[in-house]
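Text of input-v4.cif, listed as mmCIF, C-alpha atoms and all ligand atoms:
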```
data_model
loop_
_atom_site.label_atom_id
_atom_site.label_comp_id
_atom_site.auth_asym_id
_atom_site.auth_seq_id
_atom_site.Cartn_x
_atom_site.Cartn_y
_atom_site.Cartn_z
CA MET D 1240 51.02 188.69 62.56
CA LEU D 1241 51.31 185.52 60.55
CA SER D 1242 54.75 186.54 59.38
CA ILE D 1243 55.83 187.06 63.01
CA ILE D 1244 54.63 183.54 63.94
CA LYS D 1245 56.43 182.20 60.89
CA LYS D 1246 59.55 184.03 61.95
CA TYR D 1247 59.38 182.65 65.53
CA ALA D 1248 58.45 179.17 64.32
CA GLY D 1249 61.52 179.24 62.11
CA SER D 1250 63.86 180.14 64.96
CA PHE D 1251 62.07 177.67 67.26
CA LEU D 1252 62.72 174.87 64.74
CA LEU D 1253 66.30 176.01 64.42
CA ALA D 1254 66.74 175.92 68.21
CA LEU D 1255 65.04 172.51 68.39
CA SER D 1256 67.27 171.02 65.69
CA ALA D 1257 70.32 172.46 67.46
CA MET D 1258 69.18 170.81 70.69
CA ILE D 1259 68.67 167.48 68.92
CA GLY D 1260 72.12 167.87 67.43
CA VAL D 1261 73.64 168.41 70.87
CA PHE D 1262 71.67 165.48 72.26
CA CYS D 1263 72.89 163.15 69.49
CA ALA D 1264 76.48 164.32 69.94
CA ALA D 1265 76.19 163.65 73.67
CA GLN D 1266 74.88 160.14 72.95
CA ILE D 1267 77.87 159.36 70.72
CA GLN D 1268 80.20 160.71 73.44
CA VAL D 1269 78.65 158.41 76.05
CA HIS D 1270 79.20 155.36 73.83
CA ALA D 1271 82.83 156.26 73.19
CA VAL D 1272 83.49 156.71 76.91
CA SER D 1273 81.73 153.49 77.98
CA LYS D 1274 84.09 151.36 75.92
CA ALA D 1275 85.65 148.74 78.21
CA ASP D 1276 88.43 146.23 77.66
CA LEU D 1277 88.56 142.59 78.79
CA SER D 1278 90.04 143.31 82.23
CA ASP D 1279 87.38 146.00 82.91
CA LEU D 1280 84.64 143.48 82.11
CA MET D 1281 86.21 140.75 84.26
CA LYS D 1282 86.53 143.17 87.18
CA LYS D 1283 82.97 144.43 86.83
CA PHE D 1284 81.38 140.97 86.56
CA PRO D 1285 83.64 138.65 88.60
CA ASP D 1286 83.99 134.96 87.84
CA GLY D 1287 81.77 132.80 90.06
CA LYS D 1288 79.28 135.54 91.01
CA TYR D 1289 75.63 135.41 89.93
CA TRP D 1290 74.15 137.83 87.42
CA ASN D 1291 70.84 138.34 89.23
CA HIS D 1292 69.12 140.51 91.84
CA VAL D 1293 68.15 137.92 94.44
CA GLY D 1294 67.19 139.80 97.63
CA SER D 1295 65.77 142.78 95.77
CA TYR D 1296 62.85 143.20 93.39
CA GLU D 1297 64.76 145.66 91.26
CA ASN D 1298 66.49 144.58 88.06
CA ASN D 1299 70.25 145.21 88.41
CA PRO D 1300 72.03 144.52 85.08
CA ASP D 1301 74.98 146.63 86.27
CA GLY D 1302 75.69 144.31 89.22
CA TRP D 1303 75.61 140.76 90.62
CA THR D 1304 75.01 138.81 93.83
CA ASP D 1305 76.59 135.91 95.72
CA ILE D 1306 73.33 133.95 95.62
CA PRO D 1307 72.48 131.40 92.89
CA CYS D 1308 69.29 132.08 90.94
CA PRO D 1309 66.24 130.06 91.99
CA HIS D 1310 65.06 129.70 88.38
CA VAL D 1311 64.33 126.21 87.04
CA LEU D 1312 64.48 124.76 83.53
CA VAL D 1313 61.40 122.69 82.83
CA GLU D 1314 61.39 120.08 80.11
CA GLY D 1315 58.36 120.77 77.99
CA GLY D 1316 56.82 118.61 75.31
CA GLU D 1317 58.26 120.42 72.32
CA TYR D 1318 60.34 123.15 73.99
CA ASP D 1319 62.11 123.45 77.33
CA TYR D 1320 61.21 126.57 79.31
CA TYR D 1321 62.23 128.42 82.46
CA VAL D 1322 60.11 129.18 85.53
CA GLY D 1323 60.98 131.55 88.36
CA ILE D 1324 63.02 133.97 86.29
CA GLY D 1325 61.83 136.96 88.37
CA TYR D 1326 65.28 137.41 89.98
CA CYS D 1327 67.32 137.01 86.77
CA ASN D 1328 68.84 140.31 85.64
CA GLU D 1329 67.53 141.66 82.35
CA PHE D 1330 69.30 143.72 79.72
CA GLY D 1331 68.60 144.51 76.08
CA GLY D 1332 65.21 142.80 76.39
CA ASP D 1333 66.59 139.46 77.61
CA VAL D 1334 67.64 137.57 80.75
CA GLN D 1335 70.31 134.93 81.58
CA CYS D 1336 72.94 134.14 78.89
CA VAL D 1337 71.45 136.45 76.26
CA GLY D 1338 70.97 139.36 78.66
CA PHE D 1339 74.49 138.94 80.05
CA ALA D 1340 76.09 138.87 76.58
CA ASN D 1341 74.05 142.00 75.77
CA ARG D 1342 75.37 143.69 78.91
CA LEU D 1343 79.01 142.81 78.10
CA ILE D 1344 78.79 144.14 74.56
CA TYR D 1345 77.06 147.26 75.90
CA GLU D 1346 80.05 147.89 78.19
CA ALA D 1347 82.53 147.21 75.40
CA TYR D 1348 80.82 148.72 72.35
CA GLY D 1349 77.71 150.57 73.47
CA THR D 1350 75.29 148.26 71.61
CA GLU D 1351 72.30 147.10 73.69
CA SER D 1352 71.68 143.84 71.87
CA TYR D 1353 74.04 141.68 69.83
CA GLU D 1354 71.14 140.87 67.55
CA GLN D 1355 71.72 144.32 66.01
CA TRP D 1356 75.07 143.07 64.71
CA GLU D 1357 75.80 141.45 61.37
CA THR D 1358 76.37 137.71 61.44
CA THR D 1359 79.59 136.15 60.24
CA SER D 1360 81.22 132.72 59.94
CA LEU D 1361 83.39 130.91 62.49
CA ASP D 1362 86.38 131.45 60.17
CA ASN D 1363 86.27 135.19 60.94
CA LEU D 1364 85.70 134.73 64.68
CA LYS D 1365 87.43 137.32 66.89
CA PRO D 1366 87.40 138.46 70.55
CA GLY D 1367 84.23 140.50 71.19
CA ASP D 1368 81.99 138.37 68.94
CA VAL D 1369 78.91 136.65 70.33
CA ILE D 1370 77.95 133.05 69.50
CA ARG D 1371 74.50 131.53 69.70
CA TYR D 1372 74.64 127.71 69.68
CA LYS D 1373 73.70 124.48 71.51
CA MET D 1374 70.53 124.03 69.48
CA ASP D 1375 69.65 127.71 69.92
CA MET D 1376 69.73 127.31 73.72
CA HIS D 1377 72.91 129.16 74.73
CA THR D 1378 74.84 132.38 74.07
CA ILE D 1379 78.53 133.03 74.80
CA PHE D 1380 80.87 136.04 74.58
CA VAL D 1381 84.20 135.31 72.86
CA THR D 1382 87.31 136.63 74.65
CA SER D 1383 90.11 134.91 72.72
CA VAL D 1384 90.58 132.93 69.51
CA ASP D 1385 93.71 130.87 68.92
CA GLY D 1386 93.33 128.70 65.82
CA GLU D 1387 90.74 126.06 66.75
CA LYS D 1388 90.66 127.05 70.42
CA VAL D 1389 87.97 129.49 71.53
CA THR D 1390 87.90 131.07 75.00
CA TYR D 1391 84.68 132.65 76.22
CA SER D 1392 82.62 134.05 79.07
CA ASP D 1393 78.97 133.30 79.78
CA CYS D 1394 76.18 133.36 82.33
CA ASN D 1395 73.88 130.45 83.18
CA GLY D 1396 76.05 128.00 81.21
CA ASN D 1397 74.69 125.14 83.33
CA PHE D 1398 71.08 126.34 82.66
CA SER D 1399 70.44 126.46 86.40
CA ASP D 1400 71.73 129.44 88.43
CA CYS D 1401 72.86 132.49 86.34
CA GLN D 1402 76.48 132.04 87.43
CA ILE D 1403 79.08 134.21 85.64
CA LYS D 1404 82.10 132.36 84.21
CA TRP D 1405 85.26 133.53 82.45
CA ASN D 1406 88.12 131.74 80.67
CA GLN D 1407 86.12 128.76 79.51
CA ASN D 1408 87.41 126.84 76.52
CA THR D 1409 85.82 125.10 73.59
CA THR D 1410 86.71 124.48 69.95
CA LYS D 1411 85.36 125.75 66.64
CA THR D 1412 84.47 122.16 65.72
CA GLU D 1413 82.41 121.73 68.89
CA ILE D 1414 80.63 125.05 68.28
CA SER D 1415 79.91 124.30 64.62
CA ASP D 1416 78.09 121.09 65.63
CA SER D 1417 75.19 123.13 67.03
CA LEU D 1418 75.76 126.65 65.69
CA THR D 1419 72.86 129.07 65.23
CA ALA D 1420 74.88 132.23 64.39
CA VAL D 1421 78.06 134.19 65.03
CA TYR D 1422 77.38 137.89 65.66
CA SER D 1423 80.26 140.10 64.57
CA ALA D 1424 81.49 142.83 66.97
CA PRO D 1425 82.34 146.20 65.35
CA SER D 1426 85.98 145.77 66.41
CA THR D 1427 88.20 143.25 68.20
CA LEU D 1428 87.73 143.41 71.97
CA SER D 1429 90.76 145.13 73.42
CA VAL D 1430 92.77 143.03 75.81
CA PRO D 1431 95.32 145.01 77.83
CA LEU D 1432 98.94 144.09 77.22
CA ASP D 1433 100.75 143.32 80.49
CA ASN D 1434 104.50 143.33 80.91
CA HIS D 1435 105.83 140.61 83.24
CA SER D 1436 109.47 140.85 82.14
CA ALA D 1437 112.15 139.68 84.61
CA VAL D 1438 115.91 139.63 85.18
CA SER D 1439 118.15 136.77 86.34
CA THR D 1440 119.50 138.70 89.34
CA ASP D 1441 119.21 142.09 91.05
CA LYS D 1442 122.89 142.14 92.07
CA LEU D 1443 125.94 141.07 90.09
CA ARG D 1444 129.62 141.87 89.71
CA ALA D 1445 131.09 143.93 86.95
CA ASN D 1446 132.06 141.91 83.86
CA SER D 1447 129.55 139.18 84.61
CA GLU D 1448 126.35 138.66 82.64
CA ILE D 1449 122.75 139.43 83.49
CA THR D 1450 119.90 137.80 81.54
CA VAL D 1451 116.73 139.76 80.83
CA TRP D 1452 113.54 137.96 79.79
CA GLY D 1453 110.84 139.88 77.95
CA ILE D 1454 107.50 138.36 79.05
CA GLY D 1455 104.19 139.61 77.72
CA GLU D 1456 100.60 138.64 78.53
CA GLY D 1457 97.33 139.72 76.95
CA GLY D 1458 97.22 142.08 74.02
CA THR D 1459 97.28 140.52 70.57
CA GLU D 1460 100.06 138.07 69.86
CA LYS D 1461 102.65 138.04 68.66
CA TYR D 1462 104.96 140.39 70.56
CA VAL D 1463 108.22 142.13 69.71
CA TYR D 1464 110.71 143.23 72.37
CA GLN D 1465 113.02 146.19 72.74
CA PHE D 1466 115.74 146.43 75.40
CA SER D 1467 117.35 149.61 76.76
CA VAL D 1468 119.80 150.15 79.60
CA LEU D 1469 120.45 153.05 81.94
CA THR D 1470 124.05 152.89 83.22
CA PRO D 1471 125.65 154.77 86.19
CA ASP D 1472 127.29 157.19 83.79
CA THR D 1473 124.32 157.99 81.53
CA ASP D 1474 121.27 160.18 82.15
CA ASP D 1475 118.91 158.34 79.88
CA TYR D 1476 118.18 154.86 78.59
CA THR D 1477 120.17 153.74 75.57
CA ILE D 1478 118.48 151.26 73.25
CA LEU D 1479 120.80 148.26 73.03
CA LYS D 1480 118.44 146.02 71.07
CA GLU D 1481 115.75 147.34 68.74
CA TYR D 1482 112.26 145.75 68.49
CA ALA D 1483 112.62 142.11 67.41
CA ASP D 1484 111.06 138.66 68.01
CA GLU D 1485 113.92 137.64 70.32
CA SER D 1486 112.61 137.83 73.90
CA VAL D 1487 115.90 137.15 75.72
CA PHE D 1488 118.59 139.78 76.13
CA ARG D 1489 122.00 139.31 77.74
CA TYR D 1490 124.04 142.18 79.06
CA THR D 1491 127.48 142.46 80.67
CA PRO D 1492 128.04 145.65 82.68
CA THR D 1493 131.67 146.70 83.04
CA VAL D 1494 131.53 149.34 85.76
CA ALA D 1495 130.06 149.20 89.25
CA GLY D 1496 126.97 151.23 90.15
CA LYS D 1497 123.20 151.37 89.84
CA TYR D 1498 121.66 150.18 86.54
CA SER D 1499 118.18 149.87 85.13
CA VAL D 1500 116.98 147.85 82.18
CA LYS D 1501 113.87 148.92 80.28
CA ILE D 1502 111.88 146.25 78.45
CA GLN D 1503 109.32 147.49 75.93
CA LEU D 1504 106.78 145.07 74.49
CA ARG D 1505 104.71 145.77 71.43
CA ASP D 1506 101.86 143.54 70.27
CA SER D 1507 100.52 143.12 66.75
CA SER D 1508 97.70 145.61 67.42
CA GLY D 1509 100.29 148.30 68.25
CA GLN D 1510 99.81 148.37 72.05
CA VAL D 1511 103.04 149.09 73.92
CA SER D 1512 103.80 148.16 77.52
CA LEU D 1513 107.06 149.01 79.28
CA LYS D 1514 108.71 147.85 82.46
CA LYS D 1515 111.88 149.09 84.14
CA ILE D 1516 113.89 146.82 86.43
CA GLY D 1517 116.77 148.10 88.53
CA PHE D 1518 119.89 146.12 89.45
CA THR D 1519 123.17 146.81 91.22
CA VAL D 1520 126.63 146.08 89.88
CA THR D 1521 129.45 145.71 92.41
CA GLU D 1522 133.24 145.76 91.88
CA ASP D 1523 134.67 142.83 90.06
CA ASP D 1524 135.81 140.11 92.44
CA PRO D 1525 138.95 137.95 92.33
CA VAL D 1526 137.02 134.84 93.24
CA THR D 1527 134.13 133.84 91.03
CA VAL D 1528 132.07 130.78 91.81
CA ILE D 1529 130.45 129.23 88.77
CA ASN D 1530 127.57 126.76 89.20
CA GLY D 1531 128.72 126.29 92.79
CA GLN D 1532 131.12 123.60 91.61
CA LYS D 1533 134.35 124.87 90.11
CA ILE D 1534 136.30 127.70 91.62
CA TYR D 1535 138.35 129.98 89.43
CA PHE D 1536 140.85 132.46 90.77
CA ALA D 1537 141.36 135.62 88.83
CA PHE D 1538 144.30 137.74 89.96
CA GLN D 1539 143.70 141.14 88.63
CA ASP D 1540 145.95 143.55 90.40
CA PHE D 1541 149.06 143.73 92.51
CA ARG D 1542 147.21 143.35 95.83
CA TYR D 1543 145.78 140.00 94.85
CA GLN D 1544 149.05 138.81 93.39
CA LEU D 1545 150.85 139.74 96.60
CA TYR D 1546 148.15 138.10 98.70
CA SER D 1547 148.20 134.86 96.70
CA THR D 1548 152.01 134.73 96.69
CA LEU D 1549 152.04 135.14 100.48
CA MET D 1550 149.45 132.37 100.80
CA LEU D 1551 151.61 130.05 98.68
CA VAL D 1552 154.65 130.83 100.85
CA VAL D 1553 152.66 130.12 104.01
CA LEU D 1554 151.35 126.86 102.49
CA PHE D 1555 154.87 125.88 101.45
CA LEU D 1556 156.29 126.58 104.90
CA THR D 1557 153.47 124.78 106.70
CA SER D 1558 153.78 121.69 104.51
CA ARG D 1559 157.53 121.59 105.12
CA LYS D 1560 156.91 121.83 108.84
CA ILE D 1561 154.40 119.01 108.74
CA LEU D 1562 156.73 116.84 106.67
CA SER D 1563 159.69 117.46 108.99
ZN ZN Z 1 68.47 133.37 86.63
#
```
Written as structure tokens, that's how I'd like the structure from this file.
Amino acid sequence: MLSIIKKYAGSFLLALSAMIGVFCAAQIQVHAVSKADLSDLMKKFPDGKYWNHVGSYENNPDGWTDIPCPHVLVEGGEYDYYVGIGYCNEFGGDVQCVGFANRLIYEAYGTESYEQWETTSLDNLKPGDVIRYKMDMHTIFVTSVDGEKVTYSDCNGNFSDCQIKWNQNTTKTEISDSLTAVYSAPSTLSVPLDNHSAVSTDKLRANSEITVWGIGEGGTEKYVYQFSVLTPDTDDYTILKEYADESVFRYTPTVAGKYSVKIQLRDSSGQVSLKKIGFTVTEDDPVTVINGQKIYFAFQDFRYQLYSTLMLVVLFLTSRKILS
């Protein structure tokens, strides 16, 4: 009997450990899926909204309202403190700036509190890191670092209404004046790379030049640009300029027809973003106006030569008539 119980207990433990294994695996999966980039976070918690649940008694860390928080900062003897924080959203055990930073890093990395992260120095600061400063009174979420310049998002930055703000700027020097700690994110926050490339015209004549500008935004600078062209007599894009720093590309089509230029951007983190822009090339024209000032005549075949000769004869005859 005892041996039977032992036998069942063994398989029960085995089943239990298998279930725990599945549960843990599922947890890891959830974290991987919940990973958000900068534009996801900005969409989810829009600039100017209020990270609170005014109008409802229920905490809503996943949302926001249009109503400023009624909480008030009271100046105490030794410490300042808040009253009326009942409508502030709470996440990771905290409200206001700390709770909001916790929520952002949860969306991006799956961690519920930045205090679980290692601390680092301002020299290693990167997008995704969290800074505690202003005499241990404020917390911000770093979205971009460019030398001295630091761009960040926060909530309740004015200590009065739990408003959400993005794209705010400060400097490392300013932060270091009142720094408590820099909490290091497990990886750089991903910022989507957008391709805003453009062309000088969507219609031009054969044998004239079109200018293509490679324009990138977001991602991790700096960018490299690759240019390809699809001509009326090819089925696929041909790379005419391999990845390089040069962001301007000039191209002179020789035959009329429909064209498309493909601009591929690549940032230093390896993200690639491509854009295709179509343009039409028409037959070469005998009259080309340059800068709207000088007019050049190009006689390229017999028809034009005949036409221009006739015009000269007419002019000659008319002038003679006027003179006589
Ligand atoms: Zn509040």
Practice task
For ligand ZN 1 (chain Z), list the contacting residues at 12 Å or closer, counting only C-alpha atoms and all ligand atoms, as a PyMOL selection string.
Solution key: chain D and resi 1288-1293+1298+1300+1303-1304+1306-1312+1321-1329+1333-1339+1394-1403
Only C-alpha atoms, please: the residues just picked out, written as a PDB file, keeping the file's coordinate frame.
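Output below, filename out-v2.pdb:
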```pdb
ATOM      1  CA  LYS D1288      79.280 135.540  91.010  1.00  0.00           C
ATOM      2  CA  TYR D1289      75.630 135.410  89.930  1.00  0.00           C
ATOM      3  CA  TRP D1290      74.150 137.830  87.420  1.00  0.00           C
ATOM      4  CA  ASN D1291      70.840 138.340  89.230  1.00  0.00           C
ATOM      5  CA  HIS D1292      69.120 140.510  91.840  1.00  0.00           C
ATOM      6  CA  VAL D1293      68.150 137.920  94.440  1.00  0.00           C
ATOM      7  CA  ASN D1298      66.490 144.580  88.060  1.00  0.00           C
ATOM      8  CA  PRO D1300      72.030 144.520  85.080  1.00  0.00           C
ATOM      9  CA  TRP D1303      75.610 140.760  90.620  1.00  0.00           C
ATOM     10  CA  THR D1304      75.010 138.810  93.830  1.00  0.00           C
ATOM     11  CA  ILE D1306      73.330 133.950  95.620  1.00  0.00           C
ATOM     12  CA  PRO D1307      72.480 131.400  92.890  1.00  0.00           C
ATOM     13  CA  CYS D1308      69.290 132.080  90.940  1.00  0.00           C
ATOM     14  CA  PRO D1309      66.240 130.060  91.990  1.00  0.00           C
ATOM     15  CA  HIS D1310      65.060 129.700  88.380  1.00  0.00           C
ATOM     16  CA  VAL D1311      64.330 126.210  87.040  1.00  0.00           C
ATOM     17  CA  LEU D1312      64.480 124.760  83.530  1.00  0.00           C
ATOM     18  CA  TYR D1321      62.230 128.420  82.460  1.00  0.00           C
ATOM     19  CA  VAL D1322      60.110 129.180  85.530  1.00  0.00           C
ATOM     20  CA  GLY D1323      60.980 131.550  88.360  1.00  0.00           C
ATOM     21  CA  ILE D1324      63.020 133.970  86.290  1.00  0.00           C
ATOM     22  CA  GLY D1325      61.830 136.960  88.370  1.00  0.00           C
ATOM     23  CA  TYR D1326      65.280 137.410  89.980  1.00  0.00           C
ATOM     24  CA  CYS D1327      67.320 137.010  86.770  1.00  0.00           C
ATOM     25  CA  ASN D1328      68.840 140.310  85.640  1.00  0.00           C
ATOM     26  CA  GLU D1329      67.530 141.660  82.350  1.00  0.00           C
ATOM     27  CA  ASP D1333      66.590 139.460  77.610  1.00  0.00           C
ATOM     28  CA  VAL D1334      67.640 137.570  80.750  1.00  0.00           C
ATOM     29  CA  GLN D1335      70.310 134.930  81.580  1.00  0.00           C
ATOM     30  CA  CYS D1336      72.940 134.140  78.890  1.00  0.00           C
ATOM     31  CA  VAL D1337      71.450 136.450  76.260  1.00  0.00           C
ATOM     32  CA  GLY D1338      70.970 139.360  78.660  1.00  0.00           C
ATOM     33  CA  PHE D1339      74.490 138.940  80.050  1.00  0.00           C
ATOM     34  CA  CYS D1394      76.180 133.360  82.330  1.00  0.00           C
ATOM     35  CA  ASN D1395      73.880 130.450  83.180  1.00  0.00           C
ATOM     36  CA  GLY D1396      76.050 128.000  81.210  1.00  0.00           C
ATOM     37  CA  ASN D1397      74.690 125.140  83.330  1.00  0.00           C
ATOM     38  CA  PHE D1398      71.080 126.340  82.660  1.00  0.00           C
ATOM     39  CA  SER D1399      70.440 126.460  86.400  1.00  0.00           C
ATOM     40  CA  ASP D1400      71.730 129.440  88.430  1.00  0.00           C
ATOM     41  CA  CYS D1401      72.860 132.490  86.340  1.00  0.00           C
ATOM     42  CA  GLN D1402      76.480 132.040  87.430  1.00  0.00           C
ATOM     43  CA  ILE D1403      79.080 134.210  85.640  1.00  0.00           C
TER      44      ILE D1403
END
```
Around all listed atoms of stretch 1273-1292 of chain D, padded 5 Å per side, what centre and edge lengths does the axis-aligned box have in Å to one decimal, as JSON?
```
{"center_x": 79.6, "center_y": 143.1, "center_z": 83.9, "size_x": 30.9, "size_y": 30.7, "size_z": 25.9}
```
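Using only C-alpha atoms for every distance, the candidate list D:Ala1424, D:Val1438, D:Ala1347, D:Met1550 yields D:Val1438 as the residue closest to D:Val1500.
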Inset, instruction - Have a look at D:Val1313, D:Ile1379, D:Ala1340, D:Val1511 and name the one nearest to D:Thr1459; count all atoms listed in the file. - result: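 Closest residue, counting all atoms listed in the file: D:Val1511.
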**Message:** Using all atoms listed in the file for the distances, tell me which of D:Arg1444, D:Lys1404, D:Lys1282, D:Lys1365 is nearest to D:Glu1387.
**Reply:**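 Once distances to D:Glu1387 are computed over all atoms listed in the file, the minimum belongs to D:Lys1365.
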Atom CA of D:His1377 to atom CA of D:Ile1414: how many Å, to one decimal?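 The value is 10.9 Å.
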Which residue, D:Val1553, D:Leu1479, D:Leu1504, D:Ala1445, has the smallest gap to D:Thr1521 when you use only C-alpha atoms?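 Among the listed residues, D:Ala1445 lies closest to D:Thr1521.
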re atom CA of D:Trp1356 and atom CA of D:Tyr1318: distance 26.5 Å
